[in-house]
Structure formats: structure tokens, C-alpha cells
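Asks: My file is coords-v3.txt. It has compact mmCIF, C-alpha atoms:
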```txt
# COMPACT_ATOMS: atom_id res chain seq x y z
CA MET F 25 -49.85 33.11 138.50
CA ASN F 26 -47.33 33.66 135.79
CA PHE F 27 -47.13 31.82 132.47
CA LEU F 28 -44.50 29.29 133.58
CA GLN F 29 -46.44 28.29 136.67
CA GLN F 30 -49.58 27.82 134.61
CA LEU F 31 -47.59 25.74 132.08
CA ARG F 32 -46.37 23.39 134.84
CA GLN F 33 -49.92 22.88 136.12
CA LEU F 34 -51.36 21.86 132.76
CA ASP F 35 -52.95 18.42 132.63
CA PHE F 36 -51.89 16.74 129.37
CA ASN F 37 -54.62 14.13 129.90
CA ASP F 38 -57.30 16.85 129.76
CA ILE F 39 -56.20 19.17 126.94
CA GLY F 40 -59.75 20.36 126.38
CA ARG F 41 -59.80 22.25 129.69
CA TRP F 42 -56.62 24.23 128.94
CA PRO F 43 -56.90 27.99 128.69
CA PRO F 44 -57.22 29.25 125.06
CA VAL F 45 -53.82 30.90 125.19
CA PHE F 46 -52.11 27.52 125.68
CA HIS F 47 -54.12 25.97 122.87
CA ILE F 48 -52.87 28.71 120.57
CA PHE F 49 -49.31 28.36 121.89
CA PHE F 50 -49.09 24.59 121.36
CA VAL F 51 -50.80 24.75 117.97
CA GLY F 52 -48.28 27.37 116.89
CA LEU F 53 -45.45 25.26 118.32
CA CYS F 54 -46.65 22.22 116.36
CA PHE F 55 -46.81 24.27 113.17
CA ALA F 56 -43.29 25.59 113.80
CA ILE F 57 -41.91 22.07 114.36
CA ALA F 58 -43.72 20.83 111.25
CA ALA F 59 -42.32 23.75 109.22
CA VAL F 60 -38.74 23.12 110.44
CA ALA F 61 -39.09 19.38 109.71
CA GLY F 62 -40.48 20.15 106.25
CA VAL F 63 -37.61 22.52 105.46
CA TYR F 64 -35.08 19.97 106.68
CA PHE F 65 -36.42 16.96 104.78
CA LEU F 66 -37.76 18.67 101.65
CA VAL F 67 -35.19 21.43 101.15
CA TYR F 68 -32.00 20.83 103.15
CA GLN F 69 -31.62 17.09 102.54
CA SER F 70 -32.54 17.34 98.85
CA HIS F 71 -29.87 20.01 98.35
CA MET F 72 -27.18 18.32 100.48
CA PRO F 73 -25.45 16.49 97.57
CA ARG F 74 -25.24 19.72 95.58
CA LEU F 75 -24.02 21.60 98.64
CA GLU F 76 -21.31 18.99 99.30
CA LYS F 77 -20.28 19.13 95.64
CA LEU F 78 -20.02 22.92 95.79
CA GLU F 79 -17.94 22.68 98.98
CA ARG F 80 -15.54 20.24 97.27
CA GLU F 81 -15.27 22.53 94.25
CA GLU F 82 -14.60 25.45 96.58
CA LYS F 83 -11.75 23.53 98.25
CA GLU F 84 -10.29 22.57 94.85
CA LEU F 85 -10.52 26.13 93.56
CA ARG F 86 -8.97 27.45 96.76
CA SER F 87 -6.12 24.93 96.46
CA THR F 88 -5.59 25.86 92.77
CA PHE F 89 -5.64 29.53 93.65
CA GLU F 90 -3.07 29.08 96.43
CA GLU F 91 -0.81 27.05 94.13
CA LYS F 92 -0.99 29.67 91.36
CA GLN F 93 -0.45 32.41 93.92
CA LYS F 94 2.76 30.69 95.07
CA LYS F 95 3.92 30.34 91.46
CA ALA F 96 3.16 33.99 90.80
CA ALA F 97 5.08 35.00 93.92
CA ASN F 98 8.07 32.90 92.77
CA PHE F 99 7.82 33.89 89.10
CA THR F 100 10.90 36.14 89.25
CA ALA F 101 12.95 33.36 90.86
CA TYR F 102 11.72 30.83 88.28
CA LYS F 103 12.58 33.23 85.47
CA ALA F 104 16.11 33.73 86.82
CA GLN F 105 16.49 29.95 87.24
CA LEU F 106 15.35 29.36 83.65
CA ALA F 107 17.84 31.94 82.38
CA GLU F 108 20.61 30.18 84.33
CA ILE F 109 19.59 26.80 82.87
CA GLU F 110 19.62 28.25 79.36
CA ARG F 111 23.11 29.69 79.95
CA SER F 112 24.36 26.34 81.28
CA PHE F 113 22.80 24.51 78.36
CA GLY F 114 24.39 26.95 75.92
CA THR F 115 27.79 26.37 77.55
CA MET F 116 27.40 22.61 77.26
CA LEU F 117 26.17 22.89 73.68
CA ARG F 118 29.28 24.88 72.74
CA GLN F 119 31.34 21.93 73.97
CA LEU F 120 29.76 19.76 71.29
CA PRO F 121 31.57 20.01 67.97
CA GLY F 122 29.83 20.44 64.65
CA LYS F 123 29.86 17.87 61.87
CA THR F 124 32.91 19.40 60.21
CA GLU F 125 34.91 19.38 63.47
CA ILE F 126 34.62 15.65 64.14
CA PRO F 127 37.64 14.59 61.99
CA ASN F 128 39.94 16.99 63.88
CA LEU F 129 38.55 15.78 67.20
CA LEU F 130 39.28 12.15 66.25
CA ILE F 131 42.86 13.17 65.49
CA ASP F 132 43.07 14.89 68.90
CA ILE F 133 41.88 11.71 70.66
CA SER F 134 44.39 9.59 68.78
CA GLN F 135 47.20 12.05 69.50
CA THR F 136 46.25 12.04 73.20
CA GLY F 137 47.08 8.32 73.43
CA LEU F 138 50.35 8.75 71.61
CA GLY F 139 51.20 11.80 73.71
CA ALA F 140 50.75 9.71 76.87
CA GLY F 141 53.45 7.32 75.62
CA LEU F 142 51.05 4.55 74.60
CA GLU F 143 51.27 2.34 71.55
CA GLU F 144 48.08 2.50 69.51
CA GLU F 145 47.03 -0.93 68.27
CA LEU F 146 43.44 -0.07 67.26
CA PHE F 147 41.60 3.16 66.54
CA GLN F 148 38.26 2.36 64.89
CA PRO F 149 35.55 5.05 64.60
CA LEU F 150 32.07 3.48 64.44
CA GLY F 151 28.79 4.73 63.00
CA GLU F 152 26.97 7.64 64.62
CA GLU F 153 24.06 7.04 66.97
CA ARG F 154 21.59 9.94 66.75
CA GLN F 155 19.65 11.17 69.76
CA ASP F 156 17.15 14.06 70.03
CA PHE F 157 19.47 16.99 69.32
CA TYR F 158 22.93 15.42 69.26
CA ALA F 159 24.76 12.40 67.86
CA GLU F 160 27.15 10.00 69.60
CA LYS F 161 30.32 8.95 67.80
CA PRO F 162 31.81 5.82 69.41
CA ILE F 163 35.45 4.87 68.76
CA LYS F 164 36.96 1.48 69.59
CA ILE F 165 40.48 1.98 70.94
CA ARG F 166 43.18 -0.47 72.00
CA LEU F 167 46.34 0.92 73.54
CA LYS F 168 49.46 -0.79 74.85
CA GLY F 169 51.54 0.56 77.70
CA ALA F 170 51.85 0.80 81.48
CA TYR F 171 49.41 1.77 84.25
CA HIS F 172 50.76 5.28 84.78
CA GLU F 173 50.58 5.93 81.02
CA PHE F 174 46.92 4.81 81.02
CA GLY F 175 46.25 7.23 83.87
CA ARG F 176 47.85 10.06 81.92
CA PHE F 177 45.76 9.18 78.86
CA VAL F 178 42.50 9.31 80.86
CA SER F 179 43.53 12.63 82.44
CA ASP F 180 44.42 14.15 79.06
CA ILE F 181 41.10 12.97 77.56
CA ALA F 182 39.24 14.74 80.38
CA ALA F 183 41.20 17.93 79.66
CA LEU F 184 40.15 18.09 75.99
CA PRO F 185 38.02 21.18 75.16
CA ARG F 186 35.30 18.93 73.70
CA ILE F 187 33.25 16.36 75.60
CA VAL F 188 34.72 12.86 75.34
CA THR F 189 33.62 10.01 77.62
CA LEU F 190 35.22 6.59 78.13
CA HIS F 191 33.18 3.37 78.36
CA ASP F 192 33.70 -0.40 78.62
CA ILE F 193 37.24 -0.04 80.00
CA GLU F 194 39.22 -3.28 80.15
CA ILE F 195 42.87 -3.58 81.19
CA GLY F 196 44.79 -6.82 80.90
CA PRO F 197 48.24 -8.20 80.19
CA ALA F 198 49.45 -7.96 76.61
CA THR F 199 50.68 -11.57 76.77
CA LYS F 200 50.76 -14.30 79.41
CA GLU F 201 54.31 -13.35 80.28
CA SER F 202 53.57 -9.61 80.47
CA THR F 203 54.62 -7.55 83.48
CA GLY F 204 53.00 -4.42 84.92
CA GLU F 205 54.81 -2.36 82.29
CA ASP F 206 53.31 -4.32 79.39
CA LEU F 207 49.49 -4.02 79.49
CA VAL F 208 46.68 -3.53 77.00
CA LEU F 209 43.79 -1.08 77.44
CA ASN F 210 40.57 -1.74 75.50
CA VAL F 211 38.13 1.13 75.72
CA THR F 212 35.26 2.73 73.81
CA ALA F 213 35.58 6.50 73.62
CA LYS F 214 32.46 8.47 72.78
CA THR F 215 32.43 11.99 71.45
CA TYR F 216 29.33 13.98 70.69
CA ARG F 217 28.23 16.55 68.14
CA TYR F 218 25.12 18.65 67.86
CA LEU F 219 22.70 18.11 65.00
CA ASP F 220 21.85 21.02 62.73
CA GLU F 221 18.21 21.94 62.09
CA SER F 222 17.86 19.83 58.96
CA GLU F 223 19.23 16.76 60.76
CA VAL F 224 16.90 17.31 63.73
CA SER F 225 13.92 17.56 61.35
CA SER F 226 15.03 14.43 59.53
CA ALA F 227 15.39 12.53 62.80
CA ALA F 228 11.90 13.65 63.88
CA GLU F 229 10.44 12.44 60.58
CA GLU F 230 12.12 9.06 60.98
CA LYS F 231 10.57 8.65 64.44
CA ASP F 232 7.14 9.98 63.40
CA PRO F 233 6.06 8.97 59.86
CA LYS F 234 3.01 11.28 60.18
CA ALA F 235 5.32 14.30 60.24
CA ARG F 236 6.77 13.17 56.91
CA LYS F 237 3.31 12.84 55.38
CA GLY F 238 2.34 16.26 56.67
CA LYS F 239 5.30 17.80 54.84
CA ALA F 240 4.54 16.02 51.58
CA LYS F 241 3.69 18.38 48.76
CA LYS F 242 0.11 18.50 47.60
CA PRO F 243 -0.47 17.71 43.90
CA PRO F 244 -1.13 20.83 41.78
CA ALA F 245 -4.79 21.61 41.10
CA LYS F 246 -6.05 20.77 37.64
CA LYS F 247 -6.69 23.71 35.41
CA THR F 248 -10.17 24.02 33.99
```
Represent the supplied structure as C-alpha cells.

Replies:
Amino acid sequence: MNFLQQLRQLDFNDIGRWPPVFHIFFVGLCFAIAAVAGVYFLVYQSHMPRLEKLEREEKELRSTFEEKQKKAANFTAYKAQLAEIERSFGTMLRQLPGKTEIPNLLIDISQTGLGAGLEEELFQPLGEERQDFYAEKPIKIRLKGAYHEFGRFVSDIAALPRIVTLHDIEIGPATKESTGEDLVLNVTAKTYRYLDESEVSSAAEEKDPKARKGKAKKPPAKKT
């Protein structure tokens, strides 16, 4: 009889009469099951939280690595794009006049209205409004003329070499009896200039009083 046939004929109600080999086999099997259960409950389960944490960290590190790898692969393209942005910014910056050029630009704006055949009733430069690296110079303008002359004025403003934008445009009759050839244009023109380094520093200090304190001179040390 082979081992399997003997195993099938075992009487589990009379374990004491089993052959010694089966006693040894089942004792060893019980020890093996107990060892596996002990490893599972005492080792595996106790280390599961740490294992799950390490798996999450591995996924995060893998994701970070893949993202950095993509950036590294596209570094040349990013560098070329940055250079193009800097060139575009430089071109736009050159369109902003300096502080000394503003008076001439105001004259150009005024002459643009007159050159379009309009009658200038108001040309009032207002105070500058400083931003991060540039300043806005608004100008209240009121012109009298016809529609086609207003169109020419807007077109000529757009053709100026410096940036000038038009805001709050209102067109209405000059008087109650006015015809289409007798209208008034109220508009706010804005021109822009770049701030020099001292003005940028001053603007930063106005926004952040701590920067002003940091630049304050320390009192001289007393001589002993």
C-alpha cells in the first residue's frame, strides 16, 4: 500500500493506532501551520502599516522622478522658450518711454487729434499711477469733430511708436441740435513708462515698510 492509500484509510477517531510515520507527519504539519500563522500575525501584520507607507512613498518618488525626467528631457525647449519670452519682453519694454520722453509723447498724442482734423477742447494729463515696474500716465481728452475723424484719430493713436491705450470712450452730440458732423469724443488715453531702478526700489519700500527698515543705516559704534 502506498502512502496516499494509507492516508485515506486513517481513522481520525482512533489517532493512537496510527502508524508512527503519520504521527510524525501530522505533528510536523501542525508545527508548520503554527509557524506560518505566527509569522503572519506577529511579523507580517505588525509590519503592514510600514510596508504600505513605504509603497506610498515609492509611488510618490516614482511620480516625482518621472516628472523631473520629463522636465529634464524638455529643458532645451524650455530654455529656448524662456529666451523667446525675454526677447518679447525686451521688445515691449523698449516701447515704453522713459521719464524724460513723456512730455514729447504727450505732444504727439495732442498733435494726433489735431492731425485728424479734430478740435481739442480738453487735454488734461493726470497724476501717474505706479505699478511693479512701470507707471501709467492717464490723460483726459475731449475732442470735437465727426465720426470719420474720430476713426482716424484712433487709427493714428494705434500707429504711434509708443504704447498708448484708449479707455472710457464716450461719443455724443456737441449740442442738442448737433448733426453727425458735430460730435464730441470724451476719452481717457493712457501711456506708460518704465521705472528706473531707484523708482522700483522706492515703490517696493512703500509697499513693504520692512524693506525700508532693513536699509536704514545703523548708528555708529561708540568709541571706547

Asks: Using all atoms listed in the file, which of the listed residues (F:Arg186, F:Arg217, F:Lys103, F:His172) sits closest to Asp156 of chain F?

Replies: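 Once distances to Asp156 of chain F are computed over all atoms listed in the file, the minimum belongs to F:Arg217.
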
Asks: I need the residue nearest Gln148 of chain F from this list: F:Ala213, F:Arg80, F:Phe177, F:Pro44. Use all atoms listed in the file for the distance.

Replies: F:Ala213

Asks: Please provide as an MDAnalysis selection string all residues within 10 Å of Leu150 of chain F, with the sequence filter that same-chain residues fewer than 5 positions apart are discarded (counting only C-alpha atoms).

Replies: chainID F and resid 160:164 212 214

Asks: So which residues touch Ser179 of chain F within 12 Å, counting only C-alpha atoms, skipping near sequence neighbours fewer than 4 positions away, as a ChimeraX atom specification?

Replies: /F:133,136-137,139-140,172-175,183-184,188-190

Asks: List the spatial neighbours of Gly196 of chain F as an MDAnalysis selection string - criterion: any atom at most 8 Å away, only C-alpha atoms, same-chain residues fewer than 2 positions off excluded.

Replies: chainID F and resid 194 198 207:209

Asks: What is the distance between atom CA of Arg176 of chain F and atom CA of Gln135 of chain F, in Å to one decimal?

Replies: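 One can read the atom CA of Arg176 of chain F to atom CA of Gln135 of chain F distance as 12.6 Å.
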
Asks: From the options F:Tyr64, F:Tyr218, F:Ser87, F:Ile181, which residue's atoms come nearest to Asp132 of chain F, counting only C-alpha atoms?

Replies: F:Ile181

Asks: Go through F:Glu91, F:Asp180, F:Asp220, F:Glu81 and flag the residue nearest Leu138 of chain F, using all atoms listed in the file for the distances.

Replies: F:Asp180

Asks: Between atom CA of Ala97 of chain F and atom CA of Leu78 of chain F, what distance in Å does the model show, to one decimal?

Replies: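 We find that atom CA of Ala97 of chain F and atom CA of Leu78 of chain F lie 27.9 Å from each other.
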
Asks: Do you have the atom CA of Thr100 of chain F-atom CA of Ser112 of chain F distance handy?

Replies: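 So the two atoms, atom CA of Thr100 of chain F and atom CA of Ser112 of chain F, lie 18.5 Å apart.
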